[in-house]
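Novice: This is structure24.tsv (TSV, C-alpha atoms).
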chain	number	residue	atom	x	y	z
W	1	MET	CA	64.05	91.68	97.94
W	2	SER	CA	61.27	94.00	96.74
W	3	VAL	CA	60.94	95.44	93.23
W	4	TYR	CA	61.73	98.86	94.72
W	5	LEU	CA	65.09	97.64	96.02
W	6	TYR	CA	65.91	95.98	92.68
W	7	LEU	CA	65.28	99.36	91.04
W	8	VAL	CA	67.48	101.13	93.59
W	9	ALA	CA	70.28	98.63	92.89
W	10	ILE	CA	70.06	99.11	89.11
W	11	ILE	CA	70.02	102.92	89.42
W	12	THR	CA	72.98	102.73	91.80
W	13	GLY	CA	74.86	100.71	89.18
W	14	ILE	CA	74.04	103.16	86.40
W	15	GLY	CA	75.29	106.05	88.53
W	16	THR	CA	78.45	104.09	89.29
W	17	GLY	CA	79.15	103.40	85.62
W	18	VAL	CA	78.56	107.01	84.61
W	19	ILE	CA	80.82	108.48	87.30
W	20	THR	CA	83.56	105.93	86.57
W	21	SER	CA	83.44	106.76	82.86
W	22	LEU	CA	83.45	110.53	83.29
W	23	ILE	CA	85.93	111.15	86.09
W	24	GLY	CA	87.56	107.78	86.71
W	25	ALA	CA	86.16	107.58	90.23
W	26	SER	CA	85.49	104.32	92.05
W	27	GLY	CA	81.84	103.36	92.49
W	28	VAL	CA	82.52	102.64	96.16
W	29	MET	CA	81.57	106.19	97.09
W	30	ILE	CA	78.05	105.54	95.83
W	31	ILE	CA	77.61	101.82	96.44
W	32	VAL	CA	78.80	101.56	100.06
W	33	PRO	CA	76.45	104.24	101.48
W	34	ILE	CA	73.50	102.88	99.47
W	35	LEU	CA	74.05	99.28	100.58
W	36	THR	CA	74.52	100.19	104.23
W	37	MET	CA	71.56	102.60	104.37
W	38	PHE	CA	68.96	100.89	102.12
W	39	PHE	CA	69.92	97.21	102.16
W	40	SER	CA	71.13	96.90	105.78
W	41	VAL	CA	74.41	95.37	104.62
W	42	SER	CA	77.42	95.44	106.94
W	43	ALA	CA	80.25	97.84	106.11
W	44	HIS	CA	82.62	94.96	105.28
W	45	THR	CA	80.13	93.30	102.90
W	46	ALA	CA	79.18	96.63	101.33
W	47	ILE	CA	82.84	97.39	100.58
W	48	GLY	CA	83.49	93.87	99.25
W	49	THR	CA	80.43	94.07	97.00
W	50	SER	CA	81.43	97.51	95.74
W	51	LEU	CA	84.85	96.16	94.78
W	52	PHE	CA	83.20	93.36	92.82
W	53	VAL	CA	81.15	95.96	90.91
W	54	ASP	CA	84.25	98.12	90.48
W	55	VAL	CA	85.99	95.36	88.55
W	56	ILE	CA	83.16	95.04	86.03
W	57	ALA	CA	82.50	98.78	85.70
W	58	SER	CA	86.19	99.61	85.30
W	59	LEU	CA	86.77	96.94	82.66
W	60	THR	CA	83.75	98.21	80.71
W	61	VAL	CA	84.94	101.82	80.83
W	62	SER	CA	88.60	101.05	80.15
W	63	TYR	CA	87.66	99.02	77.06
W	64	SER	CA	85.77	102.02	75.69
W	65	TYR	CA	88.77	104.27	76.28
W	66	TYR	CA	91.08	101.65	74.78
W	67	LYS	CA	89.10	101.70	71.55
W	68	SER	CA	89.70	105.47	71.43
W	69	GLY	CA	93.43	105.03	71.99
W	70	ASN	CA	93.35	106.54	75.48
W	71	ILE	CA	95.20	103.91	77.52
W	72	GLU	CA	98.93	104.03	78.26
W	73	LEU	CA	100.31	100.91	79.90
W	74	LYS	CA	104.02	101.71	79.90
W	75	SER	CA	103.91	103.60	83.22
W	76	GLY	CA	100.53	102.37	84.42
W	77	ILE	CA	101.60	98.73	84.57
W	78	TRP	CA	104.09	99.47	87.36
W	79	ILE	CA	101.35	101.04	89.46
W	80	ALA	CA	99.14	98.01	88.85
W	81	ILE	CA	101.83	95.54	89.97
W	82	THR	CA	102.37	96.92	93.47
W	83	SER	CA	98.70	97.88	93.87
W	84	ILE	CA	97.86	94.16	93.83
W	85	PHE	CA	100.03	93.48	96.88
W	86	GLY	CA	98.91	96.68	98.60
W	87	ALA	CA	95.25	95.74	98.11
W	88	GLN	CA	95.75	92.40	99.85
W	89	LEU	CA	97.46	94.11	102.78
W	90	GLY	CA	94.66	96.67	102.99
W	91	ALA	CA	91.96	93.97	102.94
W	92	MET	CA	93.74	92.18	105.79
W	93	LEU	CA	93.90	95.37	107.85
W	94	ALA	CA	90.21	96.08	107.18
W	95	SER	CA	89.19	92.63	108.45
W	96	ASN	CA	90.58	93.58	111.87
W	97	MET	CA	88.51	96.77	112.07
W	98	GLY	CA	84.99	96.84	113.53
W	99	ASP	CA	82.01	97.81	111.35
W	100	SER	CA	81.52	101.05	113.28
W	101	ASN	CA	85.15	102.10	112.92
W	102	LEU	CA	85.16	101.16	109.24
W	103	SER	CA	81.95	103.09	108.53
W	104	SER	CA	83.12	106.23	110.33
W	105	SER	CA	86.53	106.05	108.66
W	106	PHE	CA	84.90	105.69	105.27
W	107	GLY	CA	82.60	108.62	106.05
W	108	ILE	CA	85.63	110.80	106.70
W	109	VAL	CA	87.22	109.65	103.43
W	110	LEU	CA	84.01	110.61	101.60
W	111	LEU	CA	84.05	114.06	103.20
W	112	LEU	CA	87.66	114.70	102.22
W	113	ALA	CA	87.17	113.39	98.67
W	114	GLY	CA	84.01	115.45	98.26
W	115	PHE	CA	85.71	118.60	99.53
W	116	ALA	CA	88.65	118.06	97.18
W	117	MET	CA	86.38	117.57	94.17
W	118	LEU	CA	84.18	120.53	95.08
W	119	ARG	CA	87.22	122.75	95.56
W	120	LYS	CA	88.61	121.69	92.19
W	121	GLY	CA	85.27	122.34	90.52
W	122	LEU	CA	85.13	125.86	91.96
W	123	LYS	CA	88.51	126.89	90.57
W	124	ASN	CA	88.44	129.64	87.97
W	125	LYS	CA	88.33	128.86	84.24
W	126	LYS	CA	91.87	130.09	83.77
W	127	ALA	CA	93.12	127.06	85.67
W	128	GLU	CA	91.33	124.76	83.22
W	129	SER	CA	93.54	125.83	80.32
W	130	THR	CA	96.83	125.50	82.13
W	131	ALA	CA	98.91	122.34	81.75
W	132	PRO	CA	99.17	120.04	84.77
W	133	LYS	CA	101.97	121.07	87.08
W	134	LYS	CA	104.66	118.44	87.57
W	135	PHE	CA	105.47	117.61	91.19
W	136	ILE	CA	108.57	115.67	90.13
W	137	ASN	CA	110.91	116.16	87.18
W	138	PHE	CA	112.34	112.79	86.22
W	139	LYS	CA	115.88	112.68	84.81
W	140	HIS	CA	115.92	108.90	84.34
W	141	GLU	CA	113.27	106.34	83.41
W	142	TRP	CA	114.07	104.18	86.46
W	143	GLN	CA	113.10	107.07	88.75
W	144	LYS	CA	109.68	107.19	87.12
W	145	ILE	CA	109.29	103.44	87.61
W	146	VAL	CA	110.23	103.58	91.32
W	147	VAL	CA	107.73	106.39	91.96
W	148	ALA	CA	105.03	104.45	90.08
W	149	LEU	CA	105.71	101.37	92.24
W	150	ILE	CA	105.39	103.40	95.45
W	151	ILE	CA	102.20	105.05	94.23
W	152	GLY	CA	100.72	101.66	93.37
W	153	LEU	CA	101.47	100.24	96.83
W	154	GLY	CA	99.83	103.17	98.61
W	155	ILE	CA	96.78	103.11	96.37
W	156	GLY	CA	96.44	99.36	96.80
W	157	ILE	CA	96.46	99.61	100.61
W	158	LEU	CA	93.79	102.32	100.60
W	159	SER	CA	91.76	100.29	98.12
W	160	GLY	CA	91.82	97.22	100.35
W	161	ILE	CA	90.83	99.18	103.46
W	162	PHE	CA	88.09	101.41	102.09
W	163	GLY	CA	86.98	99.44	99.04
W	164	ALA	CA	87.96	102.18	96.62
W	165	GLY	CA	89.56	100.84	93.49
W	166	GLY	CA	91.70	103.97	93.74
W	167	GLY	CA	90.42	105.65	90.57
W	168	VAL	CA	90.65	109.24	91.75
W	169	MET	CA	94.01	108.71	93.45
W	170	ILE	CA	95.42	106.95	90.38
W	171	LEU	CA	94.03	109.67	88.13
W	172	LEU	CA	95.69	112.43	90.16
W	173	ALA	CA	98.98	110.53	90.23
W	174	LEU	CA	98.95	110.02	86.47
W	175	ILE	CA	98.17	113.68	85.78
W	176	MET	CA	100.20	115.48	88.45
W	177	ILE	CA	103.21	113.17	88.83
W	178	LEU	CA	103.49	111.25	85.56
W	179	SER	CA	102.06	114.11	83.41
W	180	PHE	CA	99.44	112.11	81.50
W	181	PRO	CA	96.90	113.99	79.32
W	182	LEU	CA	93.44	113.97	80.98
W	183	HIS	CA	91.66	111.49	78.69
W	184	LYS	CA	94.59	109.09	78.64
W	185	ALA	CA	94.83	109.40	82.44
W	186	ILE	CA	91.15	108.49	82.87
W	187	GLY	CA	91.42	105.49	80.53
W	188	THR	CA	94.61	104.21	82.13
W	189	SER	CA	93.38	104.79	85.69
W	190	THR	CA	90.20	102.79	85.11
W	191	LEU	CA	92.20	99.83	83.80
W	192	ILE	CA	94.55	99.98	86.80
W	193	MET	CA	91.53	100.35	89.07
W	194	ALA	CA	90.07	97.13	87.63
W	195	VAL	CA	93.29	95.27	88.53
W	196	THR	CA	93.46	96.77	92.03
W	197	ALA	CA	89.77	96.19	92.71
W	198	PHE	CA	90.06	92.57	91.53
W	199	SER	CA	92.90	91.94	93.99
W	200	SER	CA	90.89	93.50	96.83
W	201	THR	CA	87.79	91.54	95.78
W	202	ILE	CA	89.68	88.29	96.22
W	203	GLY	CA	90.65	89.34	99.74
W	204	TYR	CA	87.07	90.24	100.71
W	205	GLY	CA	85.58	87.23	98.94
W	206	ALA	CA	87.90	84.85	100.80
W	207	ARG	CA	86.46	86.24	104.04
W	208	GLY	CA	82.85	85.91	102.86
W	209	ASN	CA	82.32	89.65	102.63
W	210	ILE	CA	80.68	89.90	99.19
W	211	ASP	CA	76.96	89.79	98.39
W	212	PHE	CA	77.17	88.38	94.86
W	213	THR	CA	73.43	88.69	94.20
W	214	LEU	CA	73.45	92.43	94.85
W	215	GLY	CA	76.80	92.72	93.10
W	216	VAL	CA	75.52	91.20	89.86
W	217	ILE	CA	72.36	93.34	89.86
W	218	ILE	CA	74.32	96.55	90.45
W	219	SER	CA	76.87	95.49	87.82
W	220	VAL	CA	74.15	95.31	85.15
W	221	GLY	CA	73.43	98.97	85.75
W	222	ALA	CA	77.14	99.77	85.93
W	223	VAL	CA	77.76	98.30	82.47
W	224	ILE	CA	74.90	100.35	81.03
W	225	GLY	CA	76.10	103.54	82.72
W	226	GLY	CA	79.71	102.87	81.78
W	227	VAL	CA	78.99	102.36	78.09
W	228	VAL	CA	76.76	105.43	77.82
W	229	GLY	CA	79.02	107.61	79.95
W	230	SER	CA	82.15	106.68	77.99
W	231	ARG	CA	80.43	107.45	74.71
W	232	TYR	CA	79.52	110.98	75.79
W	233	ALA	CA	82.44	111.67	78.16
W	234	ASN	CA	83.80	114.55	76.10
W	235	LYS	CA	80.45	116.35	75.94
W	236	PHE	CA	80.05	116.96	79.66
W	237	ASN	CA	81.33	120.00	81.56
W	238	GLU	CA	83.90	118.45	83.89
W	239	LYS	CA	83.94	121.33	86.38
W	240	THR	CA	80.16	121.30	86.84
W	241	LEU	CA	80.17	117.52	87.30
W	242	GLN	CA	82.94	117.74	89.89
W	243	LYS	CA	80.92	120.24	91.93
W	244	VAL	CA	77.77	118.11	91.89
W	245	VAL	CA	79.58	114.86	92.73
W	246	GLY	CA	81.65	116.62	95.41
W	247	ILE	CA	78.51	117.84	97.16
W	248	CYS	CA	76.94	114.36	96.97
W	249	PHE	CA	80.07	112.73	98.41
W	250	MET	CA	80.19	115.19	101.30
W	251	ALA	CA	76.50	114.65	102.07
W	252	MET	CA	76.89	110.85	102.08
W	253	GLY	CA	80.06	111.15	104.16
W	254	ILE	CA	78.21	113.16	106.82
W	255	ILE	CA	75.32	110.68	106.89
W	256	MET	CA	77.63	107.65	107.21
W	257	THR	CA	79.72	109.28	109.92
W	258	VAL	CA	76.61	110.23	111.95
W	259	ILE	CA	75.11	106.74	111.61
W	260	ALA	CA	78.40	105.15	112.73
W	261	CYS	CA	78.62	107.46	115.74
W	262	LEU	CA	75.03	106.68	116.79
W	263	SER	CA	75.42	102.90	116.40
Show me this structure written as structure tokens.
Specialist:
Amino acid sequence: MSVYLYLVAIITGIGTGVITSLIGASGVMIIVPILTMFFSVSAHTAIGTSLFVDVIASLTVSYSYYKSGNIELKSGIWIAITSIFGAQLGAMLASNMGDSNLSSSFGIVLLLAGFAMLRKGLKNKKAESTAPKKFINFKHEWQKIVVALIIGLGIGILSGIFGAGGGVMILLALIMILSFPLHKAIGTSTLIMAVTAFSSTIGYGARGNIDFTLGVIISVGAVIGGVVGSRYANKFNEKTLQKVVGICFMAMGIIMTVIACLS
């Protein structure tokens, strides 16, 4: 591997760590397109490698949030439990999909995620000051636990299929359904994402779909980006970041979908 590609891998890792620390997103949306386009890695191996990096990046970020008191395990642990089983099921389903189908499916996921983030970033400032709207009003604690278990299973399945540790989905669930404050939601979601990604990593690793050399190199950058990003997380304009990342996701989604259709 050339020095240029080593540099690309490190920069990819730094970007992954920064995005994970600022918005709780999985690095898969950066790593998979980069590995498939620049390193000629198959879709399955790219996703497996991204999950490996996700574990390290998420643990780094969640530790930083933990030190600031922004992790809540009481509800999050239930999501983590079922996400482990869902991730294994998702990894099994992904192994039966062809590279072309997997790449095009992931491209569509990128497009939808990018559109959602861009749309959220374009909302007016008045919406920023309003409290998160609850989709469900829980009368009993057991109801909250059941919903958390269902959320975890769904997130785990999607994580196993597309390689996303589920950060954005977990974050939205914690804010909109379980009514977590934003910073506590980001910290908790990254910890849950580490658990989910680890479960999916085992599934992909058992099938030989992880490039550990690339994974370690990218992880070095991810740790650097995660530490720096977590330290300055509160100083960035979240809406502006969402718009930029949303546009990038949509662009990569289009590229991956086109490549899959032409292959």
Novice: State, in Å with one decimal place, the distance from atom CA of Thr190 of chain W to atom CA of Gly24 of chain W.
Specialist: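 According to the coordinates, atom CA of Thr190 of chain W and atom CA of Gly24 of chain W are separated by 5.9 Å.
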Novice: Which of these residues is nearest to Ile202 of chain W, using all atoms listed in the file: W:Ile31, W:Leu89, W:Ile14, W:Glu72?
Specialist: W:Leu89
Novice: How big is the axis-aligned box, and where does its centre sit, when it encloses all atoms of segment 56-73 of chain W listed in the file and has 8 Å added on every side, reported in Å to one decimal as AutoDock Vina command-line options?
Specialist:
--center_x 91.4 --center_y 100.8 --center_z 78.7 --size_x 33.8 --size_y 27.5 --size_z 30.6
Novice: Quick one: distance from atom CA of Ile34 of chain W to atom CA of Ser200 of chain W in Å, one decimal?
Specialist: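 Atom-to-atom, atom CA of Ile34 of chain W and atom CA of Ser200 of chain W are spaced 19.9 Å apart.
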Novice: Interatomic distance between atom CA of Leu182 of chain W and atom CA of Tyr65 of chain W?
Specialist: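 Spanning atom CA of Leu182 of chain W to atom CA of Tyr65 of chain W is a straight-line distance of 11.7 Å.
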Novice: Of the candidates W:Ser68, W:Ala25, W:Met1, W:Phe115, which one gets nearest to Ser40 of chain W if we count all atoms listed in the file?
Specialist: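 Smallest separation from Ser40 of chain W among the options: W:Met1.
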Novice: Given the choices W:Thr16, W:Thr196, W:Thr201, W:Ser179, which gets closest to His44 of chain W if the distance is worked out from all atoms listed in the file?
Specialist: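 Of the candidates, the smallest distance to His44 of chain W is held by W:Thr201.
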Novice: Measuring between only C-alpha atoms, which one of W:Gly187, W:Ile150, W:Ala9, W:Asp54 shows the shortest distance to Thr213 of chain W?
Specialist: W:Ala9
Novice: Go through W:Gln143, W:Thr49, W:Leu22, W:Ser75 one by one, measure the shortest atom-to-atom distance of each to Leu35 of chain W using only C-alpha atoms, and give the residue with the smallest value.
Specialist: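 Among the listed residues, the smallest separation from Leu35 of chain W belongs to W:Thr49.
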Novice: Please list, as a PyMOL selection string, the residues that have an atom at most 10 Å away from (94.3, 105.2, 77.6) in the coordinates of this file, counting all atoms listed in the file.
Specialist: chain W and resi 62-73+76+180-191
Novice: How would you write as a VMD selection string the residues that get within 12 Å of (75.6, 89.1, 94.5) in the file's frame, counting all atoms listed in the file?
Specialist: chain W and resid 9 35 41 45 to 46 48 to 53 205 208 to 220
Novice: Closest to Gly114 of chain W among W:Gly253, W:Gly17, W:Gly90, W:Gly156, using only C-alpha atoms?
Specialist: W:Gly253
Novice: When you look at Gly154 of chain W with a cut-off of 10 Å (counting all atoms listed in the file), what residues show up, excluding the ones that are within fewer than 3 positions of it in the same chain? I need them as a list in words.
Specialist: Ile79, Thr82, Ser83, Phe85, Gly86, Ala87, Gly90, Leu149, Ile150, Ile151, Ile157, Leu158, Ser159, Gly166 and Met169 of chain W
